[in-house]
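Undergrad: File run-v1.cif follows (mmCIF, C-alpha atoms):
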data_protein
#
loop_
_atom_site.label_atom_id
_atom_site.label_comp_id
_atom_site.auth_asym_id
_atom_site.auth_seq_id
_atom_site.Cartn_x
_atom_site.Cartn_y
_atom_site.Cartn_z
CA MET V 1 112.60 119.52 101.72
CA LYS V 2 114.82 118.86 98.74
CA HIS V 3 113.88 115.81 96.74
CA LEU V 4 116.06 112.82 96.17
CA LYS V 5 116.15 111.52 92.61
CA ILE V 6 118.00 108.31 91.89
CA LEU V 7 118.76 107.69 88.22
CA VAL V 8 120.08 104.47 86.76
CA PRO V 9 122.90 106.15 84.75
CA ALA V 10 124.29 107.58 87.99
CA ILE V 11 124.41 104.33 89.93
CA SER V 12 127.65 102.61 90.80
CA LEU V 13 129.13 100.17 88.33
CA SER V 14 130.35 97.96 91.15
CA ALA V 15 126.77 97.22 92.15
CA LEU V 16 125.65 96.71 88.56
CA LEU V 17 128.48 94.31 87.77
CA PHE V 18 128.58 92.37 91.04
CA LEU V 19 127.35 88.91 90.09
CA GLY V 20 124.16 87.44 91.47
CA ALA V 21 122.69 90.46 93.25
CA CYS V 22 119.41 89.65 94.99
CA ASN V 23 116.15 91.58 95.19
CA SER V 24 114.53 92.82 98.39
CA LYS V 25 111.71 90.33 98.84
CA THR V 26 113.32 87.85 101.21
CA THR V 27 113.64 88.39 104.96
CA SER V 28 116.73 86.64 106.34
CA SER V 29 119.37 89.07 107.57
CA PRO V 30 122.29 88.15 109.90
CA ALA V 31 122.33 91.57 111.50
CA SER V 32 125.26 90.99 113.84
CA GLU V 33 127.64 90.11 110.99
CA LEU V 34 126.51 93.05 108.89
CA TYR V 35 126.83 95.38 111.85
CA SER V 36 130.43 94.31 112.49
CA GLN V 37 131.44 94.51 108.84
CA GLY V 38 129.86 97.94 108.60
CA LEU V 39 131.82 99.16 111.64
CA ALA V 40 135.04 97.95 110.02
CA LEU V 41 134.26 100.02 106.92
CA VAL V 42 133.44 103.07 109.05
CA SER V 43 136.82 102.72 110.75
CA GLU V 44 138.61 102.49 107.39
CA MET V 45 136.65 105.46 106.06
CA ASN V 46 137.65 107.49 109.12
CA GLU V 47 141.30 106.63 108.49
CA ALA V 48 140.94 107.97 104.95
CA ILE V 49 139.31 111.21 106.13
CA GLN V 50 142.01 111.72 108.77
CA SER V 51 144.86 111.05 106.34
CA GLU V 52 146.21 114.25 104.80
CA ALA V 53 148.29 112.16 102.40
CA TRP V 54 145.22 110.23 101.24
CA VAL V 55 143.13 113.35 100.66
CA SER V 56 146.02 115.09 98.88
CA LEU V 57 146.37 112.09 96.57
CA PHE V 58 142.91 112.73 95.16
CA THR V 59 142.28 116.46 95.37
CA GLY V 60 143.84 119.85 95.82
CA ASP V 61 140.49 121.63 95.80
CA THR V 62 140.26 123.89 98.85
CA ALA V 63 136.47 123.55 99.28
CA VAL V 64 136.57 119.76 99.07
CA ARG V 65 139.43 119.57 101.54
CA GLU V 66 137.56 121.83 103.97
CA ILE V 67 134.51 119.57 103.84
CA LEU V 68 136.66 116.56 104.68
CA SER V 69 138.53 118.45 107.38
CA ASN V 70 135.26 119.25 109.14
CA ALA V 71 134.06 115.65 108.79
CA GLY V 72 137.33 114.35 110.19
CA GLN V 73 136.81 116.12 113.50
CA GLY V 74 134.03 113.73 114.52
CA ASP V 75 134.14 110.76 116.90
CA PHE V 76 133.34 107.50 115.12
CA SER V 77 134.21 105.22 118.04
CA GLN V 78 130.64 104.28 118.97
CA PRO V 79 127.40 104.65 116.95
CA LYS V 80 124.53 106.48 118.55
CA ALA V 81 122.02 104.45 116.55
CA VAL V 82 121.97 102.18 113.51
CA TYR V 83 119.08 102.00 111.05
CA GLU V 84 118.19 99.52 108.33
CA ILE V 85 116.78 101.00 105.12
CA GLN V 86 114.90 99.11 102.42
CA PHE V 87 113.37 100.38 99.18
CA SER V 88 110.05 98.89 98.05
CA ASP V 89 109.46 97.46 94.58
CA GLN V 90 107.25 100.46 93.81
CA ALA V 91 110.02 102.86 94.86
CA VAL V 92 112.53 101.20 92.55
CA THR V 93 110.25 101.49 89.53
CA SER V 94 109.52 105.12 90.42
CA LEU V 95 113.15 106.09 90.96
CA THR V 96 114.28 104.53 87.71
CA GLY V 97 111.51 106.24 85.75
CA GLN V 98 110.27 102.85 84.57
CA ALA V 99 106.61 102.02 85.15
CA ASP V 100 107.37 98.31 84.89
CA LEU V 101 110.63 96.40 85.21
CA THR V 102 109.18 93.13 83.94
CA GLY V 103 110.58 93.88 80.50
CA PHE V 104 114.06 93.28 81.89
CA PRO V 105 115.40 89.75 82.43
CA GLU V 106 115.23 88.71 86.07
CA SER V 107 119.02 88.84 86.42
CA LEU V 108 119.03 92.49 85.29
CA GLN V 109 116.11 93.36 87.54
CA LYS V 110 118.18 92.17 90.47
CA ARG V 111 121.08 94.35 89.41
CA ILE V 112 118.80 97.38 89.16
CA TYR V 113 117.56 96.81 92.72
CA ALA V 114 121.15 96.52 93.94
CA ALA V 115 122.33 99.60 92.08
CA ILE V 116 119.45 101.79 93.31
CA GLN V 117 120.34 100.85 96.87
CA SER V 118 124.05 101.47 96.40
CA ALA V 119 123.42 104.88 94.81
CA ALA V 120 121.32 106.25 97.67
CA ALA V 121 124.19 107.74 99.66
CA ASN V 122 125.72 109.43 96.62
CA GLN V 123 122.39 110.94 95.67
CA ILE V 124 121.95 112.41 99.16
CA ASN V 125 125.44 113.92 99.01
CA ALA V 126 124.77 115.28 95.52
CA MET V 127 121.93 117.38 96.93
CA ASP V 128 124.57 119.70 98.40
CA GLY V 129 126.49 120.01 95.16
CA ALA V 130 129.44 118.61 93.29
CA GLU V 131 132.01 119.50 95.97
CA THR V 132 130.18 117.52 98.65
CA LEU V 133 129.77 114.58 96.30
CA ALA V 134 133.46 114.71 95.41
CA ALA V 135 134.47 114.83 99.08
CA ALA V 136 132.37 111.78 99.88
CA SER V 137 133.71 109.82 96.92
CA ILE V 138 137.31 110.34 98.08
CA CYS V 139 136.57 108.54 101.34
CA THR V 140 134.19 105.89 100.04
CA VAL V 141 135.45 102.41 100.96
CA SER V 142 134.43 98.93 99.82
CA ASP V 143 135.16 95.36 100.81
CA THR V 144 133.88 91.87 100.11
CA PHE V 145 133.22 89.13 102.63
CA VAL V 146 131.35 85.84 102.94
CA CYS V 147 128.11 85.86 104.91
CA ASP V 148 126.18 82.60 104.94
CA GLY V 149 122.45 83.12 105.31
CA LEU V 150 122.22 86.63 103.90
CA THR V 151 119.65 86.52 101.12
CA GLU V 152 118.66 90.14 100.60
CA ASN V 153 120.38 93.40 99.84
CA THR V 154 120.11 96.05 102.51
CA LEU V 155 121.42 99.41 103.73
CA TYR V 156 122.66 100.25 107.20
CA LEU V 157 122.87 103.85 108.34
CA TYR V 158 125.34 104.45 111.20
CA THR V 159 124.70 107.67 113.12
CA TYR V 160 126.92 109.30 115.73
CA GLU V 161 126.61 111.84 118.51
CA ASN V 162 129.33 114.12 117.13
CA ALA V 163 130.26 112.72 113.71
CA THR V 164 128.91 112.53 110.21
CA PRO V 165 126.58 109.59 109.50
CA VAL V 166 127.79 106.74 107.29
CA MET V 167 125.63 104.66 104.95
CA VAL V 168 126.78 101.12 104.20
CA SER V 169 125.20 99.09 101.42
CA PHE V 170 125.36 95.30 101.42
CA VAL V 171 124.85 93.63 98.03
CA VAL V 172 124.53 89.85 97.93
CA GLY V 173 126.45 87.96 95.28
CA GLN V 174 127.05 84.34 94.35
CA ASP V 175 128.19 81.72 96.86
CA SER V 176 127.34 83.90 99.87
CA ALA V 177 129.70 86.69 98.78
CA VAL V 178 128.69 90.20 99.89
CA LEU V 179 129.91 93.52 98.51
CA ALA V 180 129.87 96.19 101.23
CA THR V 181 130.35 99.87 100.41
CA GLY V 182 130.59 102.62 103.02
CA VAL V 183 129.89 106.26 102.13
CA PRO V 184 129.99 109.24 104.52
CA ILE V 185 126.84 111.36 104.37
CA LEU V 186 128.24 114.88 104.17
CA SER V 187 125.08 116.66 103.06
CA ASP V 188 123.75 119.29 105.47
CA SER V 189 120.28 118.52 104.13
CA PHE V 190 120.22 115.18 105.92
CA SER V 191 119.59 115.11 109.69
CA PRO V 192 119.23 111.49 110.90
CA ASP V 193 118.51 112.37 114.52
CA SER V 194 115.74 109.79 114.83
CA PRO V 195 114.06 106.98 112.87
CA GLU V 196 111.20 109.40 112.21
CA ASN V 197 113.50 111.98 110.64
CA VAL V 198 115.20 109.37 108.47
CA GLN V 199 111.83 108.00 107.39
CA LEU V 200 110.50 111.49 106.71
CA PHE V 201 113.47 112.32 104.53
CA LEU V 202 113.09 109.16 102.43
CA GLU V 203 109.35 108.51 102.57
CA ASP V 204 108.63 110.06 99.17
CA PHE V 205 110.76 107.34 97.65
CA GLY V 206 109.19 104.30 99.28
CA ALA V 207 111.99 103.69 101.77
CA GLN V 208 111.22 101.76 104.93
CA VAL V 209 113.38 102.61 107.97
CA SER V 210 113.76 100.62 111.16
CA GLU V 211 116.19 100.99 114.03
CA ILE V 212 118.22 97.88 114.73
CA THR V 213 119.53 96.70 118.08
CA ILE V 214 123.23 97.31 118.44
CA PRO V 215 124.98 94.09 119.54
CA ASP V 216 126.88 94.19 122.85
#
Represent the structure contained in this file as structure tokens.

TA:
Amino acid sequence: MKHLKILVPAISLSALLFLGACNSKTTSSPASELYSQGLALVSEMNEAIQSEAWVSLFTGDTAVREILSNAGQGDFSQPKAVYEIQFSDQAVTSLTGQADLTGFPESLQKRIYAAIQSAAANQINAMDGAETLAAASICTVSDTFVCDGLTENTLYLYTYENATPVMVSFVVGQDSAVLATGVPILSDSFSPDSPENVQLFLEDFGAQVSEITIPD
């Protein structure tokens, strides 16, 4: 299995700069709200993939366009399963190459946790090369919303019967603001057919995976 390596210089600036990001030690998570917001991003991402005008606006590369064309043939109407992914404190220190984050101010430690989480999807896509990463970035979508009661950052992985999976990161900011970012997982190296397969793929990096109940 190819190894995932998440480096701080590669992480998204939106996660680093989003004010008040929280670490992963608290437990409250309004799953129903996150689930709905994630579905909305998946729908918007699908619109981008399906839009020839949108894709043409960002690239004329034949290989990138073919990747997106294949991804756009899927059915995103109903998830097969949804998983929550969390990275442990030990995983974050390992993935950043820092043995100890205590030398950073607490506010910056929180931003590092948020950025590691937000970079996970891009790092998986990068395993298949620059063209796959470029294709995913074209259809990456973000939004902000207010979610009272959410106190921890988290990742949701939406999987489908006949469509590419989508990873949505939720980063908590000040005054209950949440930054949500949805990224299609276009890498052929990733096969999220079951919680066990997702856990196996990410276990070297301290990720904990659990399937969540899909609201009616």

Undergrad: Any chance you could work out the residue set of the PyMOL selection byres ((chain V and resi 149) around 10) here, as a list in words?

TA: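 The output of the PyMOL selection byres ((chain V and resi 149) around 10) on this file is Ser28, Ser29, Pro30, Val146, Cys147, Asp148, Leu150, Thr151, Glu152 and Ser176 of chain V.
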
Undergrad: Rounded to one decimal in Å, what is the spacing between atom CA of V:Val82 and atom CA of V:Ser51?

TA: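 Between atom CA of V:Val82 and atom CA of V:Ser51 the gap is 25.6 Å.
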
Undergrad: Please, what distance in Å, to one decimal, runs between atom CA of V:Ser32 and atom CA of V:Gln73?

TA: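 If I compute the distance from atom CA of V:Ser32 to atom CA of V:Gln73, I get 27.7 Å.
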
Undergrad: Suppose a student applies the PyMOL selection byres ((chain V and resi 122-139) around 7) to this structure; what residues should they get, written as a PyMOL selection string?

TA: chain V and resi 4-6+45+48-49+58+63-64+67-68+119-121+140-141+183-187

Undergrad: Let me see the file: selected residues, C-alpha atoms, as an mmCIF file, keeping the file's coordinate frame.

TA:
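Ended up saving to part.cif:
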data_model
loop_
_atom_site.group_PDB
_atom_site.id
_atom_site.type_symbol
_atom_site.label_atom_id
_atom_site.label_comp_id
_atom_site.auth_asym_id
_atom_site.auth_seq_id
_atom_site.Cartn_x
_atom_site.Cartn_y
_atom_site.Cartn_z
ATOM 1 C CA LEU V 4 116.060 112.820 96.170
ATOM 2 C CA LYS V 5 116.150 111.520 92.610
ATOM 3 C CA ILE V 6 118.000 108.310 91.890
ATOM 4 C CA MET V 45 136.650 105.460 106.060
ATOM 5 C CA ALA V 48 140.940 107.970 104.950
ATOM 6 C CA ILE V 49 139.310 111.210 106.130
ATOM 7 C CA PHE V 58 142.910 112.730 95.160
ATOM 8 C CA ALA V 63 136.470 123.550 99.280
ATOM 9 C CA VAL V 64 136.570 119.760 99.070
ATOM 10 C CA ILE V 67 134.510 119.570 103.840
ATOM 11 C CA LEU V 68 136.660 116.560 104.680
ATOM 12 C CA ALA V 119 123.420 104.880 94.810
ATOM 13 C CA ALA V 120 121.320 106.250 97.670
ATOM 14 C CA ALA V 121 124.190 107.740 99.660
ATOM 15 C CA THR V 140 134.190 105.890 100.040
ATOM 16 C CA VAL V 141 135.450 102.410 100.960
ATOM 17 C CA VAL V 183 129.890 106.260 102.130
ATOM 18 C CA PRO V 184 129.990 109.240 104.520
ATOM 19 C CA ILE V 185 126.840 111.360 104.370
ATOM 20 C CA LEU V 186 128.240 114.880 104.170
ATOM 21 C CA SER V 187 125.080 116.660 103.060
#

Undergrad: Using atom CA of V:Asp193 and atom CA of V:Val166 as the two end points, give the distance in Å to one decimal.

TA: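 Computing it gives 13.0 Å between the two atoms.
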
Undergrad: Please expand the PyMOL selection byres ((chain V and resi 155) around 12) into the concrete residues it hits in this file, giving the result as a VMD selection string.

TA: chain V and resid 24 29 31 34 to 35 38 82 to 87 113 to 121 152 to 154 156 to 158 166 to 172 179 to 183 207 to 212

Undergrad: With only C-alpha atoms as the basis for distance, which of V:Phe201, V:Ser77, V:Glu47, V:Gly103 is at the shortest distance from V:Ser189?

TA: V:Phe201

Undergrad: Measuring between all atoms listed in the file, which one of V:Leu101, V:Thr62, V:Arg111, V:Val42 shows the shortest distance to V:Thr159?

TA: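 Checking each of V:Leu101, V:Thr62, V:Arg111, V:Val42 against V:Thr159, counting all atoms listed in the file, the winner is V:Val42.
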
Undergrad: Nearest to V:Glu33: which of V:Pro165, V:Asp75, V:Ala53, V:Val178 is it, counting only C-alpha atoms?

TA: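 Nearest to V:Glu33: V:Val178.
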